[in-house]
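Student: Before I ask anything, here is the structure I am working with.
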Amino acid sequence: MSATRVYSQSQKLINLAKQYIPGGVNSPVRSFNGVGGTPVFFSHAKGAYLYDEDGNEYLDYVGSWGPMILGHQHPEVISALHTAIDKALSFGAPTKLEVDIAQKICTLMPSIEMVRMQNSGTEATMTAIRLARGYTGRNLLIKFEGCYHGHSDSLLIKAGSGALTFGQTSSAGVPEELAKHTLCLPYNDINALSEAFAKHGAEIAGVIIEPVAGNMGCVPPVPGFLQTLRDLCTQHRAVLIFDEVMTGFRVDLGGAQAYYDIQPDLTTLGKVIGGGMPVGALGGKKEIMSYLAPLGPVYQAGTLSGNPIAMTAGLTTLKQVTQPNFYQNLKTTTQALAEGLLSAAERTHTPLQVYHVPGMVSLFFSDKAIRNLDDVKASNTEKFNAFFHGMLNKGIYLPPSAYETWFVSCMHTEAEIQKTLAIVEQVFKDIG
Ligand code: HOZ
């Protein structure tokens, strides 16, 4: 059994942070309120590893919640950023870089004919639903329980991620008049979906979905679910929005839409396309995107949208992921991790469900298959919390919530996976 790690600098910093920042953090899940204990304050990172303010090393399965698919401090990204910083930090005016990244995204994701860069996934999804409403002239939006699409008003209803971690899946401060325009359905329930369209078809502006749910843990779609959704949207002229902020350029070069071969009308992106810098994007069919200002009547703007530093990190990252076998390798690594987790569970008689797609994996302490938010909520989160701390104390940094996905980068080699699995098995034994 390894010695308990010291977190004295992190403890000092969170005490100080709480005086100046609500909860001491700039995003709720980071507070560790979901799992208990002291949030770790990090100082630097390299490849698949993180280093905290106390000098502890961790193997990282958060990857900044998705962007760090190349691992931390990838030499090509860092070198491109140094060059970019020497030229300018921001213009608030067009640059060639914006054209280059737009062209690259449109080439790699054929459902995207035009793309608007923004600063976060939240902005992208907020704009997507405004655009769907402006384009169709309808108000009703469908989302799915446990799917998280950022923190704008219409989307914080039965959401996953941080909100779910704290047991309040909907937020205070969202007017009822607005919330009534969002209809929330269970994920992976084809019947509920068909019924909703039968009842409300002519009122539905759009449907927004994480094609692989990644904010209630990783919950992939059941066969036929996304295809039914595509067919119903087409039939009722509703805009199908794939929120690929997490899955875009992660599960496949063409995102989840390529992985499952389903074309949405609009796609939101973020994380990987920013390479670690703050970026979001909304793309889709030219006919719909042309409703955005300055071409059309749906307004959206941003001072730092298309910022040259962020575009450089994103473009350089996209060039790296187009290298041969990148996604095949990521798939192999993730699969080895997922299979290893299940084997460790079997050997230690731990009731466990594991779900994965390339680059994303989740475990649930449950003996029942997980298909939706109710299943996720019925899993044993107390056991997850004990597991989380057992792993943390042995140098494996997992998302500090039972409801967040683990992210794998190309810097997680066979050695990292085997190291993780050995520790997992020990921790399963320790927590019983
Ligand atoms: N709940 C967010 C990820 N799904 C956390 C983001 C953050 O804390 O940075």
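Letters for chains follow the order of the structure tokens (A, B, ...), residue numbers begin at 1 for each chain, and ligand numbers begin at 1 in the order shown.
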Could you list, as a list in words, all protein and nucleic acid residues with an atom at most 9 Å from ligand 1, counting only C-alpha atoms and all ligand atoms?

Tutor: Val25, Asn26, Ser27, Pro28, Val29, Arg30, Ser31, Ser64, Trp65, Gly66, Tyr148, Gly150, Gly160, Ser161, Gly162, Ala163, Leu164, Thr165, Gly214, Asn215, Met216, Met246, Pro399, Ser401, Tyr403, Glu404 and Thr405 of chain A

Student: Pull the closest atom pair for each residue of range 360-419 of chain A that gets at most 8 Å from range 218-232 of chain A, along with the distance in Å to one decimal, counting only C-alpha atoms, ordering rows by chain and then ascending residue number, as CSV.

Tutor:
residue,atom,partner,partner_atom,distance
A:Met360,CA,A:Cys218,CA,6.9
A:Val361,CA,A:Cys218,CA,6.0
A:Ser362,CA,A:Cys218,CA,5.2
A:Ile370,CA,A:Val219,CA,7.1
A:Arg371,CA,A:Val219,CA,6.4
A:Asn372,CA,A:Val219,CA,7.3
A:Glu404,CA,A:Cys218,CA,7.3
A:Thr405,CA,A:Cys218,CA,5.3

Student: DSSP on the backbone, then: every residue of range 23-178 of chain A marked strand (DSSP E), written as a ChimeraX atom specification.

Tutor: /A:42-46,49-52,57-60,114-118,140-144

Student: Could you please take those selected residues and save C-alpha atoms as a PDB file, in the first residue's frame?

Tutor:
ATOM      1  CA  PHE A  42      -1.994  21.768 -10.699  1.00  0.00           C
ATOM      2  CA  SER A  43       1.173  23.541 -11.755  1.00  0.00           C
ATOM      3  CA  HIS A  44       2.226  21.883 -15.026  1.00  0.00           C
ATOM      4  CA  ALA A  45       1.689  18.931 -17.349  1.00  0.00           C
ATOM      5  CA  LYS A  46       3.535  16.910 -19.977  1.00  0.00           C
ATOM      6  CA  TYR A  49       1.003  13.306 -16.884  1.00  0.00           C
ATOM      7  CA  LEU A  50       0.043  16.138 -14.518  1.00  0.00           C
ATOM      8  CA  TYR A  51       2.047  17.667 -11.661  1.00  0.00           C
ATOM      9  CA  ASP A  52       0.463  19.420  -8.704  1.00  0.00           C
ATOM     10  CA  GLU A  57       2.684  13.271 -10.295  1.00  0.00           C
ATOM     11  CA  TYR A  58      -0.567  11.901 -11.787  1.00  0.00           C
ATOM     12  CA  LEU A  59      -1.504   9.942 -14.877  1.00  0.00           C
ATOM     13  CA  ASP A  60      -4.248  12.121 -16.376  1.00  0.00           C
ATOM     14  CA  MET A 114     -20.079  26.512 -43.272  1.00  0.00           C
ATOM     15  CA  VAL A 115     -18.749  27.096 -39.788  1.00  0.00           C
ATOM     16  CA  ARG A 116     -18.764  29.997 -37.306  1.00  0.00           C
ATOM     17  CA  MET A 117     -15.986  29.999 -34.687  1.00  0.00           C
ATOM     18  CA  GLN A 118     -16.835  31.005 -31.121  1.00  0.00           C
ATOM     19  CA  LEU A 140     -40.002  23.912 -29.230  1.00  0.00           C
ATOM     20  CA  LEU A 141     -36.648  22.300 -28.537  1.00  0.00           C
ATOM     21  CA  ILE A 142     -36.107  18.659 -27.653  1.00  0.00           C
ATOM     22  CA  LYS A 143     -33.174  17.598 -25.512  1.00  0.00           C
ATOM     23  CA  PHE A 144     -32.380  14.394 -23.641  1.00  0.00           C
TER      24      PHE A 144
END

Student: Closest to Ile273 in chain A among A:Leu13, A:Leu398, A:Val298, A:Met311, using only C-alpha atoms?

Tutor: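 When distances to Ile273 in chain A are compared using only C-alpha atoms, the smallest one comes from A:Met311.
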
Student: For Asp252 in chain A, which residue out of A:Asn329, A:Ile209, A:Leu183, A:His200 is the nearest one, using only C-alpha atoms?

Tutor: A:Asn329

Student: Each residue of range 276-390 of chain A with at least one atom at most 7 Å from range 97-104 of chain A should appear once, together with its nearest atom pair and the corresponding distance in Å (one decimal); atoms considered: only C-alpha atoms; ordering: chain, then increasing residue number; output as JSON lines.

Tutor:
{"residue": "A:Gly306", "atom": "CA", "partner": "A:Glu98", "partner_atom": "CA", "distance": 5.9}
{"residue": "A:Pro308", "atom": "CA", "partner": "A:Leu97", "partner_atom": "CA", "distance": 6.7}
{"residue": "A:Met311", "atom": "CA", "partner": "A:Leu97", "partner_atom": "CA", "distance": 6.4}
{"residue": "A:Leu315", "atom": "CA", "partner": "A:Ile101", "partner_atom": "CA", "distance": 5.7}

Student: Fewer than 3 positions away in the same chain doesn't count, so skip those; otherwise give me all residues within 8 Å of Tyr291 in chain A, counting only C-alpha atoms, as a list in words.

Tutor: Leu131, Gly134, Tyr135, Glu287, Ile288, Leu295, Gly296, Pro297 and Val298 of chain A

Student: At what distance in Å, to one decimal, does CA of Thr268 in chain A lie from CA of Ala301 in chain A?

Tutor: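 A separation of 15.8 Å between them.
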
Student: Residues within 7 Å of Ile309 in chain A, please, as a list in words. Count only C-alpha atoms; anything in the same chain fewer than 5 positions from it doesn't count.

Tutor: Leu81, Ala84, Ile85 and Leu89 of chain A

Student: For Thr413 in chain A, find every residue with an atom within 12 Å (counting only C-alpha atoms), except residues of its own chain fewer than 3 positions away, and show them as a ChimeraX atom specification.

Tutor: /A:47-49,59,70-71,329-334,336-337,408-410,416-420

Student: Produce a file of the selected residues containing N, CA, C and O atoms, as a compact mmCIF listing (two decimals), in the first residue's frame.

Tutor:
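part_28.txt, written as the output of this step:
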# COMPACT_ATOMS: atom_id res chain seq x y z
N GLY A 47 2.72 15.43 -21.72
CA GLY A 47 2.25 14.16 -22.25
C GLY A 47 0.98 13.71 -21.54
O GLY A 47 -0.01 14.44 -21.49
N ALA A 48 1.03 12.50 -20.95
CA ALA A 48 -0.16 11.98 -20.26
C ALA A 48 -0.13 12.29 -18.77
O ALA A 48 -0.98 11.79 -18.02
N TYR A 49 0.81 13.11 -18.33
CA TYR A 49 1.00 13.31 -16.88
C TYR A 49 0.77 14.74 -16.42
O TYR A 49 1.03 15.71 -17.16
N LEU A 59 -1.14 10.32 -13.52
CA LEU A 59 -1.50 9.94 -14.88
C LEU A 59 -2.91 10.51 -15.11
O LEU A 59 -3.82 10.28 -14.32
N LEU A 70 -3.92 15.09 -27.81
CA LEU A 70 -2.51 14.82 -28.15
C LEU A 70 -1.65 14.71 -26.89
O LEU A 70 -0.42 14.62 -26.98
N GLY A 71 -2.28 14.74 -25.73
CA GLY A 71 -1.53 14.84 -24.48
C GLY A 71 -1.17 16.31 -24.26
O GLY A 71 -1.49 17.17 -25.08
N ASN A 329 -5.35 3.82 -33.38
CA ASN A 329 -4.55 3.62 -32.16
C ASN A 329 -5.33 4.02 -30.91
O ASN A 329 -5.29 3.33 -29.89
N LEU A 330 -6.05 5.13 -31.01
CA LEU A 330 -6.83 5.61 -29.86
C LEU A 330 -7.91 4.57 -29.50
O LEU A 330 -8.17 4.30 -28.33
N LYS A 331 -8.49 4.01 -30.54
CA LYS A 331 -9.53 2.99 -30.34
C LYS A 331 -8.94 1.77 -29.63
O LYS A 331 -9.52 1.25 -28.68
N THR A 332 -7.77 1.33 -30.09
CA THR A 332 -7.13 0.15 -29.50
C THR A 332 -6.81 0.40 -28.02
O THR A 332 -7.06 -0.44 -27.16
N THR A 333 -6.27 1.58 -27.74
CA THR A 333 -5.90 1.90 -26.36
C THR A 333 -7.14 1.94 -25.47
O THR A 333 -7.15 1.39 -24.36
N THR A 334 -8.19 2.61 -25.94
CA THR A 334 -9.40 2.75 -25.12
C THR A 334 -10.02 1.39 -24.87
O THR A 334 -10.49 1.09 -23.76
N ALA A 336 -8.50 -1.49 -24.82
CA ALA A 336 -7.67 -2.24 -23.87
C ALA A 336 -7.99 -1.80 -22.44
O ALA A 336 -8.09 -2.62 -21.52
N LEU A 337 -8.18 -0.50 -22.27
CA LEU A 337 -8.51 0.02 -20.93
C LEU A 337 -9.87 -0.52 -20.48
O LEU A 337 -10.01 -1.04 -19.36
N VAL A 408 -8.97 9.62 -22.92
CA VAL A 408 -7.70 8.96 -23.22
C VAL A 408 -7.04 9.76 -24.35
O VAL A 408 -7.72 10.19 -25.29
N SER A 409 -5.74 9.97 -24.24
CA SER A 409 -5.02 10.69 -25.30
C SER A 409 -4.09 9.74 -26.03
O SER A 409 -3.88 8.59 -25.61
N CYS A 410 -3.47 10.24 -27.10
CA CYS A 410 -2.53 9.39 -27.84
C CYS A 410 -1.24 9.18 -27.05
O CYS A 410 -0.41 8.37 -27.43
N GLU A 416 1.05 2.93 -19.96
CA GLU A 416 0.15 3.70 -19.09
C GLU A 416 -1.11 2.89 -18.77
O GLU A 416 -1.61 2.92 -17.65
N ILE A 417 -1.62 2.19 -19.78
CA ILE A 417 -2.85 1.42 -19.56
C ILE A 417 -2.60 0.29 -18.57
O ILE A 417 -3.37 0.07 -17.63
N GLN A 418 -1.48 -0.42 -18.74
CA GLN A 418 -1.17 -1.54 -17.82
C GLN A 418 -0.96 -1.02 -16.40
O GLN A 418 -1.41 -1.62 -15.43
N LYS A 419 -0.27 0.12 -16.30
CA LYS A 419 -0.05 0.73 -14.98
C LYS A 419 -1.41 1.06 -14.33
O LYS A 419 -1.65 0.75 -13.15
N THR A 420 -2.30 1.65 -15.12
CA THR A 420 -3.63 2.02 -14.61
C THR A 420 -4.37 0.77 -14.13
O THR A 420 -4.95 0.76 -13.03

Student: Rounded to one decimal, what separation in Å do you get between CA of Gly276 in chain A and CA of His72 in chain A?

Tutor: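 CA of His72 in chain A lies 8.7 Å from CA of Gly276 in chain A.
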